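Comments concern the structure below.
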Amino acid sequence: MAAPEAHRAIDAVWRIESARLIAGLARLTRDVGAAEDLAQEALVAALETWPQAGVPDNPGAWLMATAKHRGIDRLRRDATLRRKHEELGRDLERHGGDGADLDAALDDEVGDDLLSLIFACCHPVLSLEARIALTLRLVGGLTTAEIARAYLVPEPTLAQRIVRARKTLAAAEVSFEVPRGAELAERLPAVLEVVYLIFNEGYAATAGEDWTRPALCEDALRLGRVLQGLAPGEPEVHGLASLMELQASRLRARLGPAGEPVLLLDQDRSRWDFVLIGRGLKALDRVEALGGTLGPYALQAAIAACHARARTPQATDWPRIAALYDALSQIAPSPVVELNRAVALGMAFGPAAGLELADAIAETGALDGYHLLASVRADLLAKLGRGAEARAEYERAAAMTQNARERALLLEHADAAE
Amino acid sequence: MRFMVMIRATDETEAGVMPGDQLLTEMNAYNDELAKAGVMLAGEGLQPSSKGARVSFSPGGATTVVDGPFAETKELIAGWWLLQVRTRDEAIEWARRIPNPEDNAFEVELRQVFEADDFGEDAPAG
């Protein structure tokens, strides 16, 4: 095999195997950082060996066996870790030294290991930024360079962030286990939050020229689907997966031919991705099959599903959307949810009903400086025929947005308002 | 990015021979693996071409319907997966893992699916 070809194949194997590899090693070393180092050493060994010998039939097992042997060598040299060495030795003995047997024996534990790794990466001792970087690197299999590029930060900054996160985890002696019962319920939202933040970073860049960075959306979708397999009994896991699939289904309809944003109700619905819609609706069915009241992600997914099921904008079930936002504002109250409820009320019961709530939100001052409050008020005012006020609100919204393309769209509306 | 991975027909698939237990088990495990990795969007197995048809278009708007089966077995498709992956090489690596417990000779073809950013010069880069 030619060297460049082999390197590309190794990159691909790494992307597929690295999370399971690191997870399996972390269970043995009880240290995510040490596990990543061992996995990296196995990767280096693969880069030295595979271009000549070819990619082995079971590359995951090869990497795991190599990493374990390196780990044993290292532990032998490190007296302070002798106890862990003994545990590791016992484990290897139990599973035998052969790669394939080892792989089969570990298979049952792989799911739990991977879930443990995800919980460790999203541990509350870490900052949100650190959780995101660590999750993308260790679970998503992205390189530091890829993450840095996606988050528009210099690579050394991102590398530092990961090093610090690893140190924080080690210092806090974070246990490498899947939380159970009440602790699971307490810690799951932090995991889902990280995945959804990654998705949103891809879905709508908060600043700059580009409206979307779809690769991050795909990474988040993938993480969400992995979680569905690992925690199939958790309704919110399916709720988040459903929400992301449904939102991603509209990704390619969100941009016009010149890259300008196209709002939901103006989108060409034939450009929606029906494969993703089908997946999103199916995930929502799984939430409903599990029973219980809908959590915040499931409620947002149910709202997205109302849009996905409507063949035309006119067919949208706005009263149901308003009711779902009402339920959402009960369990996860926020001014942004209220603002969305105002939009839904306006669509379901007329612009006056929507404006009443939007004005009430404006009076609280909670969304001062948020361009969407001004643009929602502007839309409602325009529908009520209050053109001058609408124009002023559109202009205010345009001045507040960080997104250049969105600004242009708002200014167009301002011009059309009178 | 997405790839469609198409598995070609063999004499057995064209004859409507159902896959053996071993192949079924391994194929289910493989599909399960794809799903657990979050890369499989969809996939189906196709019935023999004897149950299909071809519609040919000619200039002037005439169409002709030809019923299956079709002769060129190795050009036919017997099943497909739609995979969402980060790189082309990742799609290839997944395709290499398609089980072949009966030690058959067959081929799978990978084709990249057009994405929104393949259209329009001003669309955002990945």
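A note on labels: chains of the structure tokens are A, B, ... as shown, every chain counts residues from 1, and ligands are counted from 1 in their shown order.
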
Residues near Asp219 of chain A, anyone? I mean within 8 Å using only C-alpha atoms, not counting same-chain ones fewer than 6 positions away, as a compact mmCIF listing (two decimals) with N, CA and C atoms, in the first residue's frame.
# COMPACT_ATOMS: atom_id res chain seq x y z
N LEU A 136 -15.66 16.69 21.28
CA LEU A 136 -15.40 16.59 19.84
C LEU A 136 -14.12 15.80 19.58
N GLY A 140 -15.92 12.49 19.29
CA GLY A 140 -16.18 12.73 17.88
C GLY A 140 -15.03 12.34 16.97
N ILE A 198 -22.92 22.16 20.12
CA ILE A 198 -22.11 21.86 18.92
C ILE A 198 -23.00 21.99 17.68
N PHE A 199 -24.20 21.44 17.79
CA PHE A 199 -25.13 21.52 16.67
C PHE A 199 -25.44 22.98 16.32

Might you pull out every residue within 10 Å of segment 72-80 of chain B, with only C-alpha atoms counted and same-chain residues fewer than 3 positions away left off, and present them as an mmCIF file with C-alpha atoms, in the first residue's frame?
data_model
loop_
_atom_site.group_PDB
_atom_site.id
_atom_site.type_symbol
_atom_site.label_atom_id
_atom_site.label_comp_id
_atom_site.auth_asym_id
_atom_site.auth_seq_id
_atom_site.Cartn_x
_atom_site.Cartn_y
_atom_site.Cartn_z
ATOM 1 C CA MET B 4 -24.407 6.050 -1.104
ATOM 2 C CA VAL B 5 -22.834 2.623 -0.827
ATOM 3 C CA MET B 6 -24.333 0.286 -3.389
ATOM 4 C CA ILE B 7 -23.835 -3.432 -3.281
ATOM 5 C CA ARG B 8 -23.923 -5.175 -6.639
ATOM 6 C CA ALA B 9 -26.119 -8.092 -7.541
ATOM 7 C CA THR B 10 -24.820 -11.640 -7.823
ATOM 8 C CA ASP B 11 -26.336 -14.710 -9.497
ATOM 9 C CA GLU B 12 -27.772 -15.627 -6.085
ATOM 10 C CA THR B 13 -29.422 -12.275 -5.423
ATOM 11 C CA GLU B 14 -30.821 -12.240 -8.955
ATOM 12 C CA ALA B 42 -30.916 4.714 5.655
ATOM 13 C CA GLY B 43 -30.454 1.480 3.775
ATOM 14 C CA GLU B 44 -32.487 -1.205 2.042
ATOM 15 C CA GLY B 45 -32.076 -4.483 0.237
ATOM 16 C CA LEU B 46 -33.521 -4.709 -3.263
ATOM 17 C CA GLN B 47 -35.517 -7.555 -4.764
ATOM 18 C CA PRO B 48 -34.259 -9.280 -7.945
ATOM 19 C CA SER B 49 -34.471 -7.288 -11.166
ATOM 20 C CA PRO B 69 -35.045 -9.356 -15.368
ATOM 21 C CA LEU B 83 -23.933 6.941 5.114
ATOM 22 C CA PHE B 106 -18.895 -9.140 -5.220
ATOM 23 C CA GLU B 107 -18.379 -5.431 -5.460
ATOM 24 C CA VAL B 108 -19.704 -2.374 -3.693
ATOM 25 C CA GLU B 109 -19.649 1.054 -5.261
ATOM 26 C CA LEU B 110 -19.426 4.311 -3.306
#

Exercise for review: Find, counting only C-alpha atoms, the residue in B:Ala35, B:Ala71, B:Val65, B:Ala53 that gets nearest to chain A.
Suggested key: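 Looking only at the distances to chain A, the closest residue turns out to be B:Ala35.
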
Exercise for review: Mind checking which residues fall within 7 Å of segment 95-99 of chain B, counting only C-alpha atoms, ignoring those fewer than 6 positions away in the same chain, and posting them as a ChimeraX atom specification?
Suggested key: /B:26-27,30

Please save C-alpha atoms of the selected residues as a PDB file, in the first residue's frame.
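Once everything was written out, this is part_25.pdb:
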ATOM      1  CA  GLU B  26     -23.457 -10.700  10.343  1.00  0.00           C
ATOM      2  CA  MET B  27     -25.274  -8.189   8.163  1.00  0.00           C
ATOM      3  CA  TYR B  30     -22.911  -4.667  10.692  1.00  0.00           C
TER       4      TYR B  30
END

Practice item. Would you return as number ranges by chain the members of segment 12-66 of chain B that DSSP assigns to strand (DSSP E) on this structure's backbone? Key: B: 40-45, 53-57, 63-66

Quick one: residues within 12 Å of Leu134 of chain A, only C-alpha atoms counted, chain neighbours fewer than 4 positions away excluded, as a PDB file with C-alpha atoms, in the first residue's frame?
ATOM      1  CA  ALA A  19     -13.693   6.873  20.787  1.00  0.00           C
ATOM      2  CA  VAL A  32      -9.010  10.019  30.363  1.00  0.00           C
ATOM      3  CA  GLY A  33      -5.764  11.863  29.602  1.00  0.00           C
ATOM      4  CA  GLU A  36      -5.795   9.352  25.127  1.00  0.00           C
ATOM      5  CA  LEU A 117     -16.253   8.596  28.357  1.00  0.00           C
ATOM      6  CA  ILE A 118     -19.017  10.937  27.204  1.00  0.00           C
ATOM      7  CA  PHE A 119     -20.033  11.659  30.791  1.00  0.00           C
ATOM      8  CA  ALA A 120     -16.392  12.306  31.729  1.00  0.00           C
ATOM      9  CA  CYS A 121     -15.927  14.708  28.781  1.00  0.00           C
ATOM     10  CA  CYS A 122     -19.088  16.565  29.813  1.00  0.00           C
ATOM     11  CA  HIS A 123     -18.265  16.557  33.529  1.00  0.00           C
ATOM     12  CA  LEU A 126     -15.122  21.468  33.201  1.00  0.00           C
ATOM     13  CA  SER A 127     -16.086  24.745  31.562  1.00  0.00           C
ATOM     14  CA  LEU A 128     -18.567  24.505  28.714  1.00  0.00           C
ATOM     15  CA  GLU A 129     -15.824  25.372  26.209  1.00  0.00           C
ATOM     16  CA  ALA A 130     -13.640  22.609  27.587  1.00  0.00           C
ATOM     17  CA  LEU A 138     -12.286  12.190  22.283  1.00  0.00           C
ATOM     18  CA  VAL A 139     -15.801  11.117  21.303  1.00  0.00           C
ATOM     19  CA  GLY A 140     -16.178  12.733  17.877  1.00  0.00           C
ATOM     20  CA  GLY A 141     -12.690  11.709  16.738  1.00  0.00           C
ATOM     21  CA  LEU A 142     -11.891  15.193  15.400  1.00  0.00           C
ATOM     22  CA  THR A 143      -8.355  16.502  15.313  1.00  0.00           C
ATOM     23  CA  THR A 144      -7.399  19.578  17.323  1.00  0.00           C
ATOM     24  CA  ILE A 147     -12.012  21.712  16.133  1.00  0.00           C
ATOM     25  CA  ALA A 148      -9.982  24.933  16.115  1.00  0.00           C
ATOM     26  CA  LEU A 158      -7.626  24.912  21.387  1.00  0.00           C
ATOM     27  CA  ALA A 159      -4.787  22.491  22.181  1.00  0.00           C
ATOM     28  CA  GLN A 160      -4.213  24.326  25.469  1.00  0.00           C
ATOM     29  CA  ARG A 161      -7.905  24.093  26.259  1.00  0.00           C
ATOM     30  CA  ILE A 162      -7.778  20.324  25.853  1.00  0.00           C
ATOM     31  CA  VAL A 163      -4.608  19.958  27.928  1.00  0.00           C
ATOM     32  CA  ARG A 164      -6.168  21.999  30.736  1.00  0.00           C
ATOM     33  CA  ALA A 165      -9.393  19.999  30.557  1.00  0.00           C
ATOM     34  CA  ARG A 166      -7.459  16.746  30.874  1.00  0.00           C
ATOM     35  CA  LYS A 167      -5.585  18.122  33.882  1.00  0.00           C
ATOM     36  CA  THR A 168      -8.809  19.302  35.493  1.00  0.00           C
ATOM     37  CA  LEU A 169     -10.368  15.865  35.094  1.00  0.00           C
ATOM     38  CA  VAL A 191     -24.215  15.957  28.079  1.00  0.00           C
ATOM     39  CA  VAL A 194     -22.834  19.997  24.893  1.00  0.00           C
ATOM     40  CA  VAL A 195     -24.161  18.094  21.885  1.00  0.00           C
ATOM     41  CA  ILE A 198     -22.113  21.863  18.922  1.00  0.00           C
TER      42      ILE A 198
END

Exercise for review: Would you please extract all alpha helix (DSSP H) residues from chain B, as assigned by DSSP on the backbone, and give them as a ChimeraX atom specification?
Suggested key: /B:11-14,21-36,88-96

Take the residues just selected and output them with C-alpha atoms as a compact mmCIF listing (two decimals), in the first residue's frame.
# COMPACT_ATOMS: atom_id res chain seq x y z
CA ASP B 11 -26.34 -14.71 -9.50
CA GLU B 12 -27.77 -15.63 -6.08
CA THR B 13 -29.42 -12.27 -5.42
CA GLU B 14 -30.82 -12.24 -8.96
CA ASP B 21 -28.38 -17.39 8.54
CA GLN B 22 -24.72 -16.55 8.98
CA LEU B 23 -24.86 -13.72 6.44
CA LEU B 24 -28.12 -12.39 7.90
CA THR B 25 -26.66 -12.40 11.41
CA GLU B 26 -23.46 -10.70 10.34
CA MET B 27 -25.27 -8.19 8.16
CA ASN B 28 -27.58 -7.28 11.05
CA ALA B 29 -24.56 -6.86 13.31
CA TYR B 30 -22.91 -4.67 10.69
CA ASN B 31 -25.99 -2.50 10.28
CA ASP B 32 -26.23 -2.26 14.04
CA GLU B 33 -22.61 -1.12 14.16
CA LEU B 34 -23.30 1.55 11.52
CA ALA B 35 -26.34 2.76 13.45
CA LYS B 36 -24.51 2.83 16.77
CA ARG B 88 -14.49 9.82 1.79
CA ASP B 89 -11.92 7.54 3.38
CA GLU B 90 -14.22 6.95 6.30
CA ALA B 91 -16.94 5.80 3.92
CA ILE B 92 -14.43 3.47 2.24
CA GLU B 93 -13.34 2.07 5.60
CA TRP B 94 -16.97 1.33 6.51
CA ALA B 95 -17.51 -0.33 3.13
CA ARG B 96 -14.44 -2.53 3.70

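Proximity ranking of B:Gly38, B:Gly20, B:Gly68, B:Pro101 relative to chain A places B:Gly38 first, based on only C-alpha atoms.
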